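Below you'll find the structure, written out as structure tokens, and then a few comments.
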Amino acid sequence: MDQQIKLHKIHGFYDILMVNNIIEGIKCLVQTSGLGGLRHNTVVVAWPDEWATSHEITVCQRFVSTLRAADAADCAILVPKNVKIFPSSQVKIYGYLDVWWIVHDGGLLMLLPFLLKQNKTWRNTRLRLFTIAQMDDNTFNMKKDLETFLYHLRIEAQVFVIELVHV
């Protein structure tokens with residue numbers, strides 16, 4: 001491990017975990033990451049693009065187990081999609097940055113697209129915020145509250161409240 005660290009000129013710390021499978025390794029990693037009293041509060045796990053084409057259930061199991069481990073550790077969970085086609089810094093992106101806000105956690109989830117928009121690659125995109133409402137929720141008030149919240153954060157975004165319909 002020391003040779004690889006030096007070879008790739010990585011400045012940091014490492015620790016080795018011995019586990020029986022990758023799912024147990026992910027659980028241990030989420031629980032033990034940090035340095036002394038400094039602990040992470042966010043877990044980033046890529047959306048499993050291959051889940052629809054893979055005949056193995058392990059792809060879904062690994063993804064769901066990671067989400068459960070992060071949730072059990074009281075971490076915020078970020079699930080970016082299409083990470084493999086993330087643009088380089090020379091490309092300028094136009095269109096929308098879509099944020100699906102499932103749990104209203106304060107401002108962390110809104111901070112990330114705000115920071116992305118500060119970069120020249122993402123500067124020309126427009127932010128859209130989607131949130132989910134139940135049938136008995138007041139969608140008008142939800143939208144108004146989110147727009148007020150964004151106004152106070154000085155973040156310009158379109159707000160969409162998607163109402164779940166039970167069939």
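Identifiers in the structure tokens: chain A, B, ... in order shown; residue index from 1 per chain; ligand index from 1 in order shown.
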Inset, instruction - Just the residues within 9 Å of Ile132 in chain A, please, counting only C-alpha atoms, with nothing from its chain fewer than 6 positions along; format it as a VMD selection string. - result: chain A and resid 100 to 102 160 to 164
Legend entry - Residue neighbourhood Met135 in chain A, 9 Å, only C-alpha atoms, exclusion window fewer than 2 positions, as a PyMOL selection string: chain A and resi 133+137-139+163-166
Take the residues that were just selected and, keeping C-alpha atoms, output them as a compact mmCIF listing (two decimals), in the first residue's frame.
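part-v3.txt written:
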```
# COMPACT_ATOMS: atom_id res chain seq x y z
CA ALA A 133 -45.83 15.67 -1.86
CA ASP A 137 -50.19 17.71 1.60
CA ASN A 138 -50.85 21.32 0.73
CA THR A 139 -48.76 21.56 -2.45
CA GLU A 163 -47.80 15.01 -6.04
CA LEU A 164 -47.81 11.26 -5.55
CA VAL A 165 -50.99 9.68 -6.79
CA HIS A 166 -52.06 6.37 -5.28
```
Inset, instruction - Might you pull out every residue within 7 Å of Val83 in chain A, with only C-alpha atoms counted and same-chain residues fewer than 3 positions away left off, and present them as a list in words? - result: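 Using only C-alpha atoms, the neighbours found are Ala46, Pro80 and Phe86 of chain A.
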Any chance you can output those residues with C-alpha atoms as a CSV table (one decimal), in the first residue's frame?
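Just written: selection.csv:
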```csv
chain,number,residue,atom,x,y,z
A,46,ALA,CA,-23.1,6.9,-7.7
A,80,PRO,CA,-25.3,11.7,-8.5
A,86,PHE,CA,-19.4,14.3,-16.0
```
Legend entry - Distance in Å - CA of Leu112 in chain A versus CA of Cys28 in chain A: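 Taking CA of Leu112 in chain A as the start and CA of Cys28 in chain A as the end point, the length is 26.2 Å.
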Legend entry - Residue nearest Thr42 in chain A among A:Asp74, A:Asn21, A:Leu111, A:Gly95 (counting only C-alpha atoms):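 Smallest distance to Thr42 in chain A is found for A:Asp74.
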When you look at Phe13 in chain A with a cut-off of 12 Å (counting only C-alpha atoms), what residues show up, excluding the ones that are within fewer than 6 positions of it in the same chain? I need them as a CSV table (one decimal) with C-alpha atoms, in the first residue's frame.
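Written file, result38.csv:
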```
chain,number,residue,atom,x,y,z
A,1,MET,CA,0.0,0.0,0.0
A,2,ASP,CA,2.8,2.4,0.8
A,5,ILE,CA,0.6,5.9,-2.2
A,6,LYS,CA,4.1,7.0,-3.2
A,33,SER,CA,-14.2,6.8,8.2
A,34,GLY,CA,-12.8,10.0,9.7
A,35,LEU,CA,-9.7,11.1,11.5
A,36,GLY,CA,-9.9,11.3,15.3
```
Inset, instruction - Skip Leu150 in chain A itself and residues of its chain fewer than 3 positions away, then list as a ChimeraX atom specification all residues within 12 Å of it, counting only C-alpha atoms. - result: /A:106-107,109-111,114,127-129,143-147,153-159
Selection file, C-alpha atoms, as a PDB file, in the first residue's frame:
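To be explicit, this is the file written out as selection10.pdb:
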```pdb
ATOM      1  CA  GLY A 106     -31.625  22.369   5.750  1.00  0.00           C
ATOM      2  CA  GLY A 107     -29.402  23.791   3.062  1.00  0.00           C
ATOM      3  CA  LEU A 109     -28.489  19.802  -0.762  1.00  0.00           C
ATOM      4  CA  MET A 110     -28.946  23.303  -2.153  1.00  0.00           C
ATOM      5  CA  LEU A 111     -25.337  24.233  -1.440  1.00  0.00           C
ATOM      6  CA  PHE A 114     -25.030  26.497  -5.937  1.00  0.00           C
ATOM      7  CA  LEU A 127     -31.517  25.223 -11.322  1.00  0.00           C
ATOM      8  CA  ARG A 128     -34.752  23.278 -10.873  1.00  0.00           C
ATOM      9  CA  LEU A 129     -35.824  21.932  -7.496  1.00  0.00           C
ATOM     10  CA  LYS A 143     -44.077  25.388  -3.125  1.00  0.00           C
ATOM     11  CA  LYS A 144     -44.410  28.802  -1.497  1.00  0.00           C
ATOM     12  CA  ASP A 145     -42.329  27.716   1.523  1.00  0.00           C
ATOM     13  CA  LEU A 146     -39.571  26.315  -0.689  1.00  0.00           C
ATOM     14  CA  GLU A 147     -39.500  29.462  -2.820  1.00  0.00           C
ATOM     15  CA  LEU A 153     -30.524  31.482   0.650  1.00  0.00           C
ATOM     16  CA  ARG A 154     -30.253  33.822  -2.367  1.00  0.00           C
ATOM     17  CA  ILE A 155     -30.515  30.870  -4.721  1.00  0.00           C
ATOM     18  CA  GLU A 156     -32.442  31.326  -7.936  1.00  0.00           C
ATOM     19  CA  ALA A 157     -34.361  28.176  -8.877  1.00  0.00           C
ATOM     20  CA  GLN A 158     -37.669  26.966 -10.248  1.00  0.00           C
ATOM     21  CA  VAL A 159     -39.634  24.893  -7.738  1.00  0.00           C
TER      22      VAL A 159
END
```
